[in-house]
Amino acid sequence: MSISTPTIVWFREDLRLSDNPALSAAVAAGGPLVCVYIRETDLDDARPIGAAAQWWLDKSLRALAQGLESRGGRLVLRTGQSAEVLADLIHQTGARSVVWNRRYSAAEQTSDARVKAALKTDGIAVESFNARLLLEPWHLKTGAGSYYRVFTPFWRALRASYVPAPPLSAPERLQTCEAPSEGLDGWGLHPTTPDWSGGFSGAWTPGEDGAHARLEAFLSGPINGYAETRNRPDIGASTSRLSPHLRFGEIGPAQIWRAVKAGVETGRFDERSAEVFLSEIAWREFSYVLLHFNPQLAQTNYNPNFDRMPWRSDPAALSAWQRGMTGYPVVDAGMRELWHTGWMHNRVRMIVASFLTKHLLLPWQAGEAWFWDTLLDADPAANAASWQWTAGSGADAAPYFRVFNPITQGSKFDETGAYVRRWCPELARVPDKFLHSPFDAPPDVLQAAGVTLGKTYPKPVVEHAAARQRALDAYKMTKEEQGAA
DNA sequence: TTTTGAGTTGTTCGA
DNA sequence: GTCGAACAACTCAAA
């Protein structure tokens, strides 16, 4: 390869300059770079990213462009079919090679394979890398040679065999080729009319620098005690909040792994909490395994017995759940946190997901779709796998009789009530004893707190005990013999 | 091949 | 108030 030949670096879900194998390989090739992000129009089978994620993408691309510019480079933005855009760039710049980091949903992989074949036919060198996962989905196999369907053995195997590669530092200077670029402002990723993203900007700093600041903030304190405090949404900094950064590849799991392990080795972190935190990273990996071997994970039941589940259709109940108006404070607080900040605490995600699928008996796909549109971190693998897990239809899923009691969960994990009081301010003056079940409070208590159920705060859309029994009865249907119907 | 032990995150009831 | 058992049966992973 002539050292003057340009290499195209196709950025996708890896919006970072450090520990980016494709970028490092392109730099090592010695020629100038063409750094491009393509707004793809040919991913027919893939869902477009949700509205919240678009907001993040907008900011993350700006941060990436700035990172490149500060090193003497430039980010090219294009819209079109990926193969055509790349061919066009090759024509414009004289590039003879293309590199990217792999992605793992079926639509994306199919498209990438097609692009790769077409480029190779034209005599272009193409190489792809892993920047997104500790180990790629096909890497770990059980003794019988199949993929892992149960988390714990998967986690044991991962822990035993994974050794992170040496870190790759961000290039200090870059030389990029001139090529026509579109403008981000024209992409309309930031919402207008109305701009509902006001709650996002105060809560987040998209981009690689923001990702590392978030990691450092987590490692400088909250990681110690994480094993317990991670379940407490009323404690502001109890989790890492790295999920949206991971979603867009502003930081990779290998970088997190190295940083955590280094802290354990120097005795800086409590070992148990570090282990629990890394196991959460491993759940993300496990989700990618499930997605890879089950491309329809976001659409169809992993466990086909659930095809017999008698889900209801109830637009009013779905809407109450989406808007945070179910009358169960911890559920409503979670749904409102999601709407305002694009994120929800993990413990609360489980509570609201259990409520939708069990108390309301609505299909998990409806919840998955809502999360897809409203979560900044909406991930094709983790979102689908987690919803199926909660519903009971997923791999290694919760037993069907595990129906979260939203009152008990609220009292237990929002012990101080700070979480409900923040997101449901109309309940702020309800005393702790009734904060998670205002419908059980005596009338004079509600009056003193300025609450009128049905007016200032909704009455519960379902009664817990009856809804629980209905869910248990419905789940029995998934157990019936084939042909019993 | 067969067997065995185990499996993210809970709730309710009754002693 | 606390504690242990029941809730169900099945699939997976590994010996």
# chains A, B, ... in the order shown; residues from 1 in each chain; ligands from 1
>>> select_by_dssp(residues="region 92-298 of chain A", states="strand (DSSP E)", output="list in words")
Ser97, Val98, Val99, Trp100, Asn101, Ala125, Val126, Glu127, Ser128 and Phe129 of chain A
>>> write_last_selection(atoms="C-alpha atoms", output="tab-separated table (two decimals), in the first residue's frame")
chain	number	residue	atom	x	y	z
A	97	SER	CA	-9.14	1.17	1.69
A	98	VAL	CA	-12.07	1.42	4.11
A	99	VAL	CA	-12.16	0.50	7.80
A	100	TRP	CA	-14.96	0.37	10.35
A	101	ASN	CA	-15.92	-1.17	13.67
A	125	ALA	CA	-9.32	-3.17	0.84
A	126	VAL	CA	-11.86	-3.44	3.68
A	127	GLU	CA	-11.19	-4.32	7.26
A	128	SER	CA	-13.54	-4.36	10.24
A	129	PHE	CA	-12.81	-4.42	13.98
>>> interface_residues(of="chain B", to="chain A", cutoff="9 Å", atoms="only C-alpha atoms (C1' of nucleotides)", output="NGL selection string")
:B and (7-11)
>>> write_last_selection(atoms="C-alpha atoms (C1' of nucleotides)", output="PDB file, in the first residue's frame")
ATOM      1  C1'  DG B   7     -30.853 -20.510  37.830  1.00  0.00           C
ATOM      2  C1'  DT B   8     -30.103 -11.288  38.669  1.00  0.00           C
ATOM      3  C1'  DT B   9     -32.915  -8.252  40.811  1.00  0.00           C
ATOM      4  C1'  DG B  10     -40.002 -11.194  44.676  1.00  0.00           C
ATOM      5  C1'  DT B  11     -44.272 -11.647  47.149  1.00  0.00           C
TER       6       DT B  11
END
>>> interface_residues(of="chain C", to="chain A", cutoff="8 Å", atoms="only C-alpha atoms (C1' of nucleotides)", output="PDB file with C-alpha atoms (C1' of nucleotides), in the first residue's frame")
ATOM      1  C1'  DC C   7     -44.942 -20.459  44.453  1.00  0.00           C
ATOM      2  C1'  DC C  12     -29.318 -25.223  30.567  1.00  0.00           C
ATOM      3  C1'  DA C  13     -24.440 -26.330  31.459  1.00  0.00           C
ATOM      4  C1'  DA C  14     -21.207 -29.303  32.869  1.00  0.00           C
TER       5       DA C  14
END
>>> atom_distance(atom1="CA of Arg102 (chain A)", atom2="CA of Thr239 (chain A)")
27.7 Å
>>> atom_distance(atom1="CA of Gly73 (chain A)", atom2="CA of Lys120 (chain A)")
26.7 Å
>>> select_by_dssp(residues="region 40-243 of chain A", states="alpha helix (DSSP H)", output="PyMOL selection string")
chain A and resi 51-69+82-93+106-121+151-161+198-201+208-219+226-229+243
>>> atom_distance(atom1="CA of Trp364 (chain A)", atom2="CA of Thr390 (chain A)")
8.4 Å
>>> residues_around(residues="region 21-27 of chain A", least_positions_apart="2", cutoff="12 Å", atoms="only C-alpha atoms (C1' of nucleotides)", output="count of residues only")
58
>>> residues_around(residues="Ala262 (chain A)", least_positions_apart="6", cutoff="12 Å", atoms="only C-alpha atoms (C1' of nucleotides)", output="VMD selection string")
chain A and resid 164 219 255 to 256 268 to 271 274
>>> closest_residue(among="A:Glu216, A:Asp58, A:Glu463, A:Asp307", to="Pro191 (chain A)", atoms="only C-alpha atoms")
A:Asp58
>>> residues_around(residues="Ala320 (chain A)", least_positions_apart="3", cutoff="10 Å", atoms="only C-alpha atoms (C1' of nucleotides)", output="PyMOL selection string")
chain A and resi 315-317+323-327+332+335+458+461
>>> decode(residues="chain C", atoms="C-alpha atoms (C1' of nucleotides)", output="short mmCIF file (atom, residue, chain, number, x, y, z; two decimals), in the first residue's frame")
data_model
loop_
_atom_site.label_atom_id
_atom_site.label_comp_id
_atom_site.auth_asym_id
_atom_site.auth_seq_id
_atom_site.Cartn_x
_atom_site.Cartn_y
_atom_site.Cartn_z
"C1'" DG C 1 -42.38 -7.92 63.78
"C1'" DT C 2 -39.64 -11.85 61.85
"C1'" DC C 3 -38.78 -15.94 59.39
"C1'" DG C 4 -39.07 -19.83 56.31
"C1'" DA C 5 -41.60 -22.03 52.86
"C1'" DA C 6 -44.37 -22.09 48.83
"C1'" DC C 7 -44.94 -20.46 44.45
"C1'" DA C 8 -43.68 -24.69 39.03
"C1'" DA C 9 -41.64 -26.66 36.30
"C1'" DC C 10 -38.12 -26.49 32.92
"C1'" DT C 11 -33.99 -25.73 30.56
"C1'" DC C 12 -29.32 -25.22 30.57
"C1'" DA C 13 -24.44 -26.33 31.46
"C1'" DA C 14 -21.21 -29.30 32.87
"C1'" DA C 15 -19.48 -33.37 35.12
#
